[in-house]
Every structure is written in C-alpha cells, then in structure tokens.
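*Asks:* Sharing a structure here in structure tokens format.
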Amino acid sequence: MNHPPLTGADPGPAWDRYLANTHAVVNQPSALADYNLYTTDVALREAVAAHGGQGEDAALQAFGARAGSADSLALGELANRYPPELDTHDRFGHRIDLVRFHPAYHALMESAIGAGLHASPWTAPGPGAQVARAARFYMQTQVEAGHCCPITMTFAAVAALRHQPELAALWEPKITASVYDPRNVPVDRKNGITIGMAMTEKQGGSDVQANTTRAFPLGIEGPAQAYELVGHKFFVSAPMCDAVLTLAQTGRGLTCFLMPRWRPDGSRNPVQIQRLKRKMGNVSNASCEVELRGALAWQVGEEARGVRTIIDMVALTRFDCMLGSSAGMRAAVVQALHHCGQRSAFGRRLSEQPLMQNVLADLVLESEAATALSMRIARALDAEGDDSEALLVRLGTALGKYWICKRTPQHAAEAMECIGGGGVMEDSPMPRLFRESPVNAIWEGSGNIQCLDMLRSIRKTPAVLDAYFAEVGRARGGNALLDQHVDVLKRDLSVLKDPEFVARDLADRLALGLQASLLLRHAPGWLADAFCRSRLGGAGHRQYGTLPEGTDCAAIIARGGVQA
C-alpha cells in the first residue's frame, strides 16, 4: 500500500518528539514513614502519664522513633509478603516439623523481645510497669501484628506457669530473658525461649470441656509430674515456640499441661504438625494443626482444674487483643489523616471539607476511646493486691476485648474508604490492616464468649458491678448524657429477665459508659463532649461521620494527626 508523502520539514524520529514522560505526579500524598509513634500520639502520651507510666517517657520516645522508622515499617510489610512455610520432613525422610520464616519476621521478634514486650512486668514489676509495657506493645503492633501473637503468649504464660512453682522456677528464667533464639533445638541449649498455646480441637472450639485429647501418666500422677498426651489440636499458635500450654483429659477431668518441642533427653517430642493454617489475616504468624502421638508434657496446677489454671494466661492474651485492636485503629486513622491532609479534590484539601472532617474526627474519637480504655486496664493490672482494681480487670477486660475488637473492622473499612482506591491496593498498608481487623474479635474467645464471660463474672462476683460503677462514677456531673446513661443502665440491670439474650446490648452500654467516663476525666472537654453526644445522645452512634453539629472536628483531627 502506498501512503501519501509527508509534507513539511522532517520533524525527526517519533521517540524524540513524544517523550515517555506523559505527566507529572501531583496531588498524591507522601508515604507515612519515619515518624515517632509515641511523640505524635497525644492520646497515648496522655494515657501513659495519667496511669503511672510517666517515668518511662524518655524510653517510650526512643522506642516510638525506632518503631516508626521506614526500615521498621518495611519489616512488617516483608513479613507478610513472605509468610511462613512448613517442612514436615527433611530430604532424607526424617520428621523435622520445621517452620521457616522470612528474616524480617525474625528481626521483628528480636526487636520485641529485646524491648521486653514479652516479660518486662515480670522482670521489673512496680508502678507503671504494665502501662509502659502496654504502650510498647501498642506501638509494636502498629508495625506488624502477626509476630505479636507469640510475644503475647510468652508474656501471658508466666501467669499460668506460676500455678506450678517448681515448673516456673525451671522455665521462667529463659521465658523472661531478653534474648531471641529462633533455633529449633532443645531448651537447655538456648538462652531465651518462647511459649505458645494449644487449646482448640475440631469438635469443641471455644467449648474446651469437649476436648478429647487424653493424658496418660508416666509414673506418679499429679502436679508437675510427667504425662504423655495423645490426641489432636486444631489450632495451635505458634508451633515454632519452644513449648505450649495445652489442655487434656485425665481420669478426673480437663487439666493443664506444659508440652515442650523437645524431650529432656534431646529427642524430638512427637508433636507432629499436619499443616499450617491459611489465614486471611495474621499472615506472618504461623498457626497449625497438630497430632499428639504420645507427646511428653508436665501437669500444671490441679487436676481437673485446667481451665482455671490456664485462664490466667487467657486473661492476659485477651487484654493484648483489645490493646492490639486499639493499635490497629490508631494505625488506620493516621493513614487516613495523613492522606486526607495532603490530597485535594474539588478545590480543597480533603481534610478541610466538612463531610470528610466529620468522618475523620469520628475515627479519631473511636481510636482515642479505645486507647483510653486499654491503658486504664493496664493501670489496673499494675495494682496488684488492690481488690477493686482486680474486679475492674475482671469485667473491663471482657468488655474491652468485646467492644474494641468488634469496632475495629468497621473502623478499618472507613479509614480505607477515606483513602479511596489507593487504599485497596496491596502496596498500601490498608489491606493488611483490614485483613487483620477481625482477628482479635475471634481469637481468645469470640464476642459472644466475652459477653457470656461478662455475665458469669457478674453472677459469680456481683462486686464487679460495684467496681465498675465506682470507676464510671468518678466522672459524675461531668456530662449529663453520661449521668443519664449510667442511671438507665443501673435501672435496666436491676430488672433483667433474660440476661443472655440481651448480653450484647448490655456489653455495648457498659463499654461505652466506661470509655465516656475515661475521656471526661483525661481528655479535653470538647473531645469528651463530642464522644458523649455522638455515642450516648439521641439515637446513639450510627455510621462513622455522623457527629452532631457543633462538634469541633478540626480540633479533633489536629489532635489525632501525626504532626501533633
């Protein structure tokens, strides 16, 4: 085919005229990195000071700078991009049950253990110890949540092991050592170890009394004695730990045991991993199914009192669930604030537009209330020997674990929507935060389990309500809506006909009352007032972004941002 000739001067080759730079990248936010997770979090700093942790302020500032560095945040991304892998056998056919992790995971574990997140209240107890540890855990979880699971279990295991002093004396020094040693070798060759938990079986789930794993004594029966366990566990976190606390049936009932990966003679304990779980969230953390084929374990606590023994561990892991979900809220809202503070649409910054301001301010309120409740329970954990504080821990942990963990998925979704399409992309932190958001509501007892635990504590120890109302009552007169909320709550509690049927409604109201009281006492008045009017007034809180007129959204946004 003949084309007509080109006319005019020869313009040169096309590649020289139409360059590859089709446009300049404008109106896009910078990546949020290299910021201090502590100094930029006003609510956290104030909570630490209010609850006795001010002596750790300088150390927390240093920790916050390390956690918020670009290098640290990159470790979190890598640990989830390259999840753990299982080798059940070596190339010669020997059973090894080895879980392999990306180096980023090991770096995160090393930083967490080096900072004492697994042990500091045990090794250095005293006023503010739990508060300072909670603040560090809260910041570390914002870097990456999955590795915090074995950190939590290692921390919490000490409480259960102390039911058996002779076992605690042997194991606690290495559990609490600030040394991370990931090698799969016997405990006597390691300077630091981690502890996991294995309770769930196929047929029971949360109903651990339905467990069928059997414990057979190797000689003398009783506390601290050796048994062999035969059965299965359907969900074990985390199998690379050096030992797990588990439950098994003896001749008298469900009992707690400490089960190591290696036997004292240096042989492998037959705790055989069947497969790793493919989870939607918590990807960096290995969870698995195991068969116990005569696995050595030592009895912890009284026979047939396994739940009572391990519940001290579970109580602390539940606390870390609410703390971790609070951290997830903070991580999500700062991403939304950072994006909307730099992105413009329709002639104005997103953060300057009234409807977006309403949404952002509402997300900040939710995050700050979650932080306030979590840190208050940390302070109560510090008050060893104080009966009223112990009662507050008993009820407040169930309420916080239920309410905060339930609120987190919608919070993460709304923060993602603030960012828009870019927030859905896998190279953004938001998909990981969103996938992580429902995990804590399910692990360590689902929402219904927490509500039933709340009712159980009220029936068994009515004084927990006295402790609750004494705590909430410290804000009496600070806001009429809260006063009315508390009065109606007391009235309804006195006439309940079917407490289990309305347990969720009751837990919602108890949690909101506690959060409102804490904000009224420790946050600026305008922020606490906005919380009360949006959560306790009128029809109650609906979707995020429905704050009432008159709310100082700009002030709330400024307080919540990373530039504060």
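Chain identifiers are assigned as A, B, and so on, following the order in which chains appear in the structure tokens; residues are numbered from 1 within each chain, and ligands are numbered from 1 in order of appearance.
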If we count only C-alpha atoms and set the cut-off at 7 Å, which residues sit around Leu78 in chain A, ignoring sequence neighbours fewer than 4 positions away in its own chain? Please answer as a PyMOL selection string.
*Replies:* chain A and resi 74+82+104
*Asks:* Using the selection just defined, write its residues with C-alpha atoms as an mmCIF file, in the first residue's frame.
*Replies:*
data_model
loop_
_atom_site.group_PDB
_atom_site.id
_atom_site.type_symbol
_atom_site.label_atom_id
_atom_site.label_comp_id
_atom_site.auth_asym_id
_atom_site.auth_seq_id
_atom_site.Cartn_x
_atom_site.Cartn_y
_atom_site.Cartn_z
ATOM 1 C CA ALA A 74 9.294 -2.224 55.882
ATOM 2 C CA TYR A 82 6.613 -13.847 52.583
ATOM 3 C CA ALA A 104 12.011 -9.779 58.517
#
*Asks:* For range 478-486 of chain A, find every residue with an atom within 8 Å (counting only C-alpha atoms), except residues of its own chain fewer than 2 positions away, and show them as a ChimeraX atom specification.
*Replies:* /A:475-476,488-490,513,516-517,520,529,532-533,536-537
*Asks:* Write the residues of the selection above to a file with all heavy atoms, as an mmCIF file, in the first residue's frame.
*Replies:*
data_model
loop_
_atom_site.group_PDB
_atom_site.id
_atom_site.type_symbol
_atom_site.label_atom_id
_atom_site.label_comp_id
_atom_site.auth_asym_id
_atom_site.auth_seq_id
_atom_site.Cartn_x
_atom_site.Cartn_y
_atom_site.Cartn_z
ATOM 1 N N ALA A 475 -16.616 10.297 87.051
ATOM 2 C CA ALA A 475 -16.910 11.378 86.109
ATOM 3 C C ALA A 475 -18.302 11.956 86.333
ATOM 4 O O ALA A 475 -18.782 12.755 85.525
ATOM 5 C CB ALA A 475 -16.793 10.866 84.670
ATOM 6 N N ARG A 476 -18.956 11.570 87.431
ATOM 7 C CA ARG A 476 -20.325 12.037 87.706
ATOM 8 C C ARG A 476 -20.374 13.562 87.726
ATOM 9 O O ARG A 476 -19.533 14.227 88.340
ATOM 10 C CB ARG A 476 -20.785 11.504 89.054
ATOM 11 C CG ARG A 476 -22.268 11.756 89.372
ATOM 12 C CD ARG A 476 -23.141 10.779 88.632
ATOM 13 N NE ARG A 476 -24.564 11.054 88.826
ATOM 14 C CZ ARG A 476 -25.538 10.319 88.313
ATOM 15 N NH1 ARG A 476 -25.239 9.261 87.568
ATOM 16 N NH2 ARG A 476 -26.807 10.615 88.513
ATOM 17 N N VAL A 488 -29.842 4.889 83.704
ATOM 18 C CA VAL A 488 -30.687 3.943 82.973
ATOM 19 C C VAL A 488 -30.067 2.547 82.997
ATOM 20 O O VAL A 488 -30.766 1.538 83.131
ATOM 21 C CB VAL A 488 -30.911 4.431 81.528
ATOM 22 C CG1 VAL A 488 -31.638 3.368 80.707
ATOM 23 C CG2 VAL A 488 -31.690 5.739 81.520
ATOM 24 N N LEU A 489 -28.746 2.486 82.888
ATOM 25 C CA LEU A 489 -28.052 1.205 82.930
ATOM 26 C C LEU A 489 -28.275 0.507 84.266
ATOM 27 O O LEU A 489 -28.570 -0.703 84.319
ATOM 28 C CB LEU A 489 -26.560 1.451 82.690
ATOM 29 C CG LEU A 489 -25.639 0.267 82.425
ATOM 30 C CD1 LEU A 489 -26.161 -0.608 81.300
ATOM 31 C CD2 LEU A 489 -24.241 0.777 82.103
ATOM 32 N N LYS A 490 -28.144 1.238 85.348
ATOM 33 C CA LYS A 490 -28.398 0.652 86.674
ATOM 34 C C LYS A 490 -29.828 0.142 86.787
ATOM 35 O O LYS A 490 -30.069 -0.958 87.314
ATOM 36 C CB LYS A 490 -28.138 1.695 87.755
ATOM 37 C CG LYS A 490 -26.674 2.013 87.996
ATOM 38 C CD LYS A 490 -26.533 3.055 89.097
ATOM 39 C CE LYS A 490 -25.077 3.344 89.416
ATOM 40 N NZ LYS A 490 -24.922 4.385 90.454
ATOM 41 N N GLY A 513 -20.090 3.445 78.469
ATOM 42 C CA GLY A 513 -20.071 4.237 79.700
ATOM 43 C C GLY A 513 -18.677 4.365 80.271
ATOM 44 O O GLY A 513 -18.261 5.443 80.735
ATOM 45 N N ALA A 516 -16.607 6.719 77.977
ATOM 46 C CA ALA A 516 -17.012 8.112 78.155
ATOM 47 C C ALA A 516 -16.470 8.680 79.462
ATOM 48 O O ALA A 516 -15.978 9.817 79.513
ATOM 49 C CB ALA A 516 -18.536 8.219 78.120
ATOM 50 N N SER A 517 -16.541 7.884 80.518
ATOM 51 C CA SER A 517 -16.034 8.338 81.810
ATOM 52 C C SER A 517 -14.542 8.631 81.747
ATOM 53 O O SER A 517 -14.068 9.646 82.276
ATOM 54 C CB SER A 517 -16.314 7.269 82.875
ATOM 55 O OG SER A 517 -15.691 7.587 84.098
ATOM 56 N N LEU A 520 -13.898 11.859 79.764
ATOM 57 C CA LEU A 520 -14.287 13.046 80.536
ATOM 58 C C LEU A 520 -13.238 13.412 81.586
ATOM 59 O O LEU A 520 -13.029 14.582 81.889
ATOM 60 C CB LEU A 520 -15.641 12.817 81.205
ATOM 61 C CG LEU A 520 -16.862 12.961 80.297
ATOM 62 C CD1 LEU A 520 -18.089 12.351 80.943
ATOM 63 C CD2 LEU A 520 -17.114 14.429 79.960
ATOM 64 N N ASP A 529 -16.952 15.683 75.171
ATOM 65 C CA ASP A 529 -18.328 16.083 74.882
ATOM 66 C C ASP A 529 -18.785 15.535 73.537
ATOM 67 O O ASP A 529 -19.922 15.056 73.406
ATOM 68 C CB ASP A 529 -18.426 17.614 74.901
ATOM 69 C CG ASP A 529 -19.817 18.106 74.527
ATOM 70 O OD1 ASP A 529 -20.747 17.929 75.345
ATOM 71 O OD2 ASP A 529 -19.984 18.655 73.410
ATOM 72 N N CYS A 532 -19.567 11.823 73.951
ATOM 73 C CA CYS A 532 -20.837 11.586 74.653
ATOM 74 C C CYS A 532 -22.031 11.925 73.774
ATOM 75 O O CYS A 532 -23.020 11.175 73.735
ATOM 76 C CB CYS A 532 -20.876 12.405 75.941
ATOM 77 S SG CYS A 532 -19.726 11.835 77.220
ATOM 78 N N ARG A 533 -21.958 13.041 73.074
ATOM 79 C CA ARG A 533 -23.106 13.432 72.237
ATOM 80 C C ARG A 533 -23.310 12.470 71.075
ATOM 81 O O ARG A 533 -24.457 12.237 70.649
ATOM 82 C CB ARG A 533 -22.899 14.857 71.713
ATOM 83 C CG ARG A 533 -23.046 15.919 72.800
ATOM 84 C CD ARG A 533 -23.382 17.283 72.191
ATOM 85 N NE ARG A 533 -22.289 17.769 71.344
ATOM 86 C CZ ARG A 533 -22.467 18.490 70.240
ATOM 87 N NH1 ARG A 533 -23.689 18.785 69.822
ATOM 88 N NH2 ARG A 533 -21.426 18.916 69.552
ATOM 89 N N LEU A 536 -23.779 8.548 73.172
ATOM 90 C CA LEU A 536 -24.767 8.382 74.234
ATOM 91 C C LEU A 536 -26.042 9.177 74.006
ATOM 92 O O LEU A 536 -27.048 8.934 74.674
ATOM 93 C CB LEU A 536 -24.166 8.805 75.585
ATOM 94 C CG LEU A 536 -22.847 8.149 75.989
ATOM 95 C CD1 LEU A 536 -22.388 8.686 77.339
ATOM 96 C CD2 LEU A 536 -22.968 6.633 76.033
ATOM 97 N N GLY A 537 -26.009 10.132 73.119
ATOM 98 C CA GLY A 537 -27.165 11.004 72.923
ATOM 99 C C GLY A 537 -28.069 10.562 71.802
ATOM 100 O O GLY A 537 -27.646 9.929 70.836
#
*Asks:* Could you please write out, as a count of residues only, every residue of range 325-432 of chain A that DSSP assigns to strand (DSSP E)?
*Replies:* 4
*Asks:* When you look at Glu500 in chain A with a cut-off of 9 Å (counting only C-alpha atoms), what residues show up, excluding the ones that are within fewer than 5 positions of it in the same chain? I need them as an mmCIF file with N, CA and C atoms, in the first residue's frame.
*Replies:*
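After the write, result_23.cif holds the following:
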data_model
loop_
_atom_site.group_PDB
_atom_site.id
_atom_site.type_symbol
_atom_site.label_atom_id
_atom_site.label_comp_id
_atom_site.auth_asym_id
_atom_site.auth_seq_id
_atom_site.Cartn_x
_atom_site.Cartn_y
_atom_site.Cartn_z
ATOM 1 N N CYS A 451 -19.179 -11.817 76.095
ATOM 2 C CA CYS A 451 -20.433 -11.405 76.738
ATOM 3 C C CYS A 451 -20.858 -12.416 77.804
ATOM 4 N N LEU A 452 -20.711 -13.699 77.488
ATOM 5 C CA LEU A 452 -21.039 -14.718 78.477
ATOM 6 C C LEU A 452 -20.089 -14.640 79.671
ATOM 7 N N LEU A 455 -21.311 -11.858 81.885
ATOM 8 C CA LEU A 455 -22.443 -12.280 82.705
ATOM 9 C C LEU A 455 -22.007 -13.218 83.820
#
*Asks:* Identify which of the residues A:Phe531, A:Phe346, A:Phe319, A:Tyr227 lies closest to Leu296 in chain A, counting only C-alpha atoms when measuring atom-to-atom distances.
*Replies:*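 Ranked by minimum distance to Leu296 in chain A, first place goes to A:Tyr227.
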*Asks:* So, counting only C-alpha atoms, which residue among A:Gln335, A:Gln130, A:Gln203, A:Ser287 is closest to Ala380 in chain A?
*Replies:*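 Closest to Ala380 in chain A of all the choices is A:Gln130.
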*Asks:* Just the residues within 8 Å of Phe434 in chain A, please, counting only C-alpha atoms, with nothing from its chain fewer than 3 positions along; format it as a PDB file with N, CA, C and O atoms, in the first residue's frame.
*Replies:*
ATOM      1  N   PRO A 409     -13.076  -3.694  62.752  1.00  0.00           N
ATOM      2  CA  PRO A 409     -13.251  -3.908  61.310  1.00  0.00           C
ATOM      3  C   PRO A 409     -13.946  -2.758  60.594  1.00  0.00           C
ATOM      4  O   PRO A 409     -13.511  -2.343  59.503  1.00  0.00           O
ATOM      5  N   ALA A 412     -11.509   0.147  60.324  1.00  0.00           N
ATOM      6  CA  ALA A 412     -10.510  -0.048  59.269  1.00  0.00           C
ATOM      7  C   ALA A 412     -11.113   0.172  57.892  1.00  0.00           C
ATOM      8  O   ALA A 412     -10.492   0.791  57.008  1.00  0.00           O
ATOM      9  N   ALA A 413     -12.342  -0.321  57.687  1.00  0.00           N
ATOM     10  CA  ALA A 413     -13.001  -0.144  56.391  1.00  0.00           C
ATOM     11  C   ALA A 413     -13.261   1.325  56.102  1.00  0.00           C
ATOM     12  O   ALA A 413     -13.090   1.795  54.960  1.00  0.00           O
ATOM     13  N   MET A 430      -3.157  -0.493  54.036  1.00  0.00           N
ATOM     14  CA  MET A 430      -4.546  -0.666  54.452  1.00  0.00           C
ATOM     15  C   MET A 430      -5.103  -2.077  54.259  1.00  0.00           C
ATOM     16  O   MET A 430      -5.835  -2.571  55.137  1.00  0.00           O
ATOM     17  N   PRO A 431      -4.825  -2.787  53.158  1.00  0.00           N
ATOM     18  CA  PRO A 431      -5.369  -4.148  53.058  1.00  0.00           C
ATOM     19  C   PRO A 431      -4.915  -5.049  54.200  1.00  0.00           C
ATOM     20  O   PRO A 431      -5.694  -5.854  54.710  1.00  0.00           O
ATOM     21  N   SER A 437      -8.106  -6.791  60.949  1.00  0.00           N
ATOM     22  CA  SER A 437      -9.081  -6.161  61.843  1.00  0.00           C
ATOM     23  C   SER A 437     -10.077  -7.113  62.503  1.00  0.00           C
ATOM     24  O   SER A 437     -10.471  -6.869  63.647  1.00  0.00           O
ATOM     25  N   PRO A 438     -10.530  -8.215  61.869  1.00  0.00           N
ATOM     26  CA  PRO A 438     -11.479  -9.092  62.572  1.00  0.00           C
ATOM     27  C   PRO A 438     -10.826 -10.145  63.453  1.00  0.00           C
ATOM     28  O   PRO A 438     -11.519 -10.839  64.207  1.00  0.00           O
TER      29      PRO A 438
END
*Asks:* Which is closer to Pro127 in chain A than all the others in A:Ile556, A:Ala238, A:Ala215, A:Ala378, using only C-alpha atoms?
*Replies:*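 Looking only at the distances to Pro127 in chain A, the closest residue turns out to be A:Ala378.
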*Asks:* So which residues touch Cys149 in chain A within 8 Å, counting only C-alpha atoms, skipping near sequence neighbours fewer than 4 positions away, as a list in words?
*Replies:*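 The contact residues come out as Ala145, Met153, Ser237, Ala238 and Asn285 of chain A.
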*Asks:* Near Glu291 in chain A, counting only C-alpha atoms, which residues have an atom at most 8 Å away, once you skip same-chain residues fewer than 3 positions from it, shown as number ranges by chain?
*Replies:* A: 230-233, 271-274
*Asks:* Mind checking which residues fall within 7 Å of range 350-362 of chain A, counting only C-alpha atoms, ignoring those fewer than 4 positions away in the same chain, and posting them as an MDAnalysis selection string?
*Replies:* chainID A and resid 337 340:341 343:345 366 544:547 553:554 556:557
*Asks:* Mind writing the picked residues with N, CA, C and O atoms as a compact mmCIF listing (two decimals), in the first residue's frame?
*Replies:*
# COMPACT_ATOMS: atom_id res chain seq x y z
N LEU A 337 -5.73 10.18 58.04
CA LEU A 337 -5.44 11.59 58.30
C LEU A 337 -4.30 12.09 57.43
O LEU A 337 -4.34 13.21 56.90
N CYS A 340 -5.61 12.40 53.76
CA CYS A 340 -6.58 13.48 53.55
C CYS A 340 -5.98 14.85 53.83
O CYS A 340 -6.48 15.87 53.34
N GLY A 341 -4.90 14.90 54.59
CA GLY A 341 -4.23 16.16 54.83
C GLY A 341 -3.40 16.63 53.67
O GLY A 341 -3.01 17.81 53.60
N ARG A 343 -4.12 15.32 50.19
CA ARG A 343 -4.87 15.10 48.95
C ARG A 343 -5.95 16.16 48.79
O ARG A 343 -6.70 16.46 49.74
N SER A 344 -6.07 16.73 47.59
CA SER A 344 -7.10 17.73 47.29
C SER A 344 -8.12 17.18 46.31
O SER A 344 -7.80 16.33 45.46
N ALA A 345 -9.35 17.65 46.42
CA ALA A 345 -10.42 17.31 45.48
C ALA A 345 -11.43 18.45 45.49
O ALA A 345 -11.72 19.02 46.55
N GLU A 366 -13.07 7.33 68.03
CA GLU A 366 -13.13 5.89 68.31
C GLU A 366 -11.76 5.37 68.73
O GLU A 366 -11.64 4.58 69.67
N TYR A 544 -19.90 5.89 61.00
CA TYR A 544 -18.89 6.91 61.23
C TYR A 544 -19.17 8.10 60.32
O TYR A 544 -19.61 7.96 59.18
N GLY A 545 -18.95 9.29 60.85
CA GLY A 545 -19.23 10.50 60.08
C GLY A 545 -20.58 11.09 60.40
O GLY A 545 -21.10 11.91 59.64
N THR A 546 -21.18 10.71 61.55
CA THR A 546 -22.49 11.25 61.94
C THR A 546 -22.37 12.03 63.25
O THR A 546 -23.28 12.02 64.08
N LEU A 547 -21.24 12.69 63.45
CA LEU A 547 -21.09 13.53 64.64
C LEU A 547 -22.08 14.68 64.59
O LEU A 547 -22.37 15.22 63.51
N CYS A 553 -14.58 19.47 64.82
CA CYS A 553 -13.88 18.40 64.09
C CYS A 553 -12.43 18.77 63.81
O CYS A 553 -11.54 17.92 63.89
N ALA A 554 -12.18 20.02 63.47
CA ALA A 554 -10.81 20.43 63.14
C ALA A 554 -9.88 20.20 64.32
O ALA A 554 -8.74 19.75 64.16
N ILE A 556 -10.28 18.02 66.78
CA ILE A 556 -10.12 16.57 66.99
C ILE A 556 -9.14 16.00 65.97
O ILE A 556 -8.26 15.19 66.31
N ILE A 557 -9.26 16.45 64.72
CA ILE A 557 -8.36 15.97 63.66
C ILE A 557 -6.92 16.39 63.95
O ILE A 557 -5.98 15.60 63.82
*Asks:* Give me, as a tab-separated table, each residue of range 302-366 of chain A that comes within 12 Å of range 111-124 of chain A, together with its shortest interatomic pair and the distance in Å at one decimal, counting only C-alpha atoms, with rows ordered by chain and rising residue number.
*Replies:*
residue	atom	partner	partner_atom	distance
A:Leu316	CA	A:His118	CA	11.5
A:Thr317	CA	A:His118	CA	11.4
A:Asp320	CA	A:Leu117	CA	10.9
*Asks:* So how far away is CA of Ala369 in chain A from CA of Ala33 in chain A, in Å?
*Replies:*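 Distance reported for this atom pair: 24.6 Å.
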*Asks:* Interatomic distance between CA of Trp262 in chain A and CA of Glu144 in chain A?
*Replies:*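 Taking CA of Trp262 in chain A and CA of Glu144 in chain A, their separation equals 29.2 Å.
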*Asks:* Sorted by chain and rising residue number, which residues of range 466-564 of chain A lie within 10 Å of range 388-396 of chain A, and what are their closest atom pairs and distances in Å to one decimal, counting only C-alpha atoms, as CSV?
*Replies:*
residue,atom,partner,partner_atom,distance
A:Asp466,CA,A:Ser388,CA,8.6
A:Ala467,CA,A:Ser388,CA,5.6
A:Tyr468,CA,A:Leu392,CA,6.2
A:Phe469,CA,A:Leu392,CA,9.8
A:Ala470,CA,A:Ser388,CA,9.1
A:Glu471,CA,A:Leu392,CA,8.2
A:Ala507,CA,A:Leu395,CA,10.0
A:Leu510,CA,A:Gly396,CA,9.1
A:Ala511,CA,A:Gly396,CA,7.9
A:Leu514,CA,A:Gly396,CA,8.5
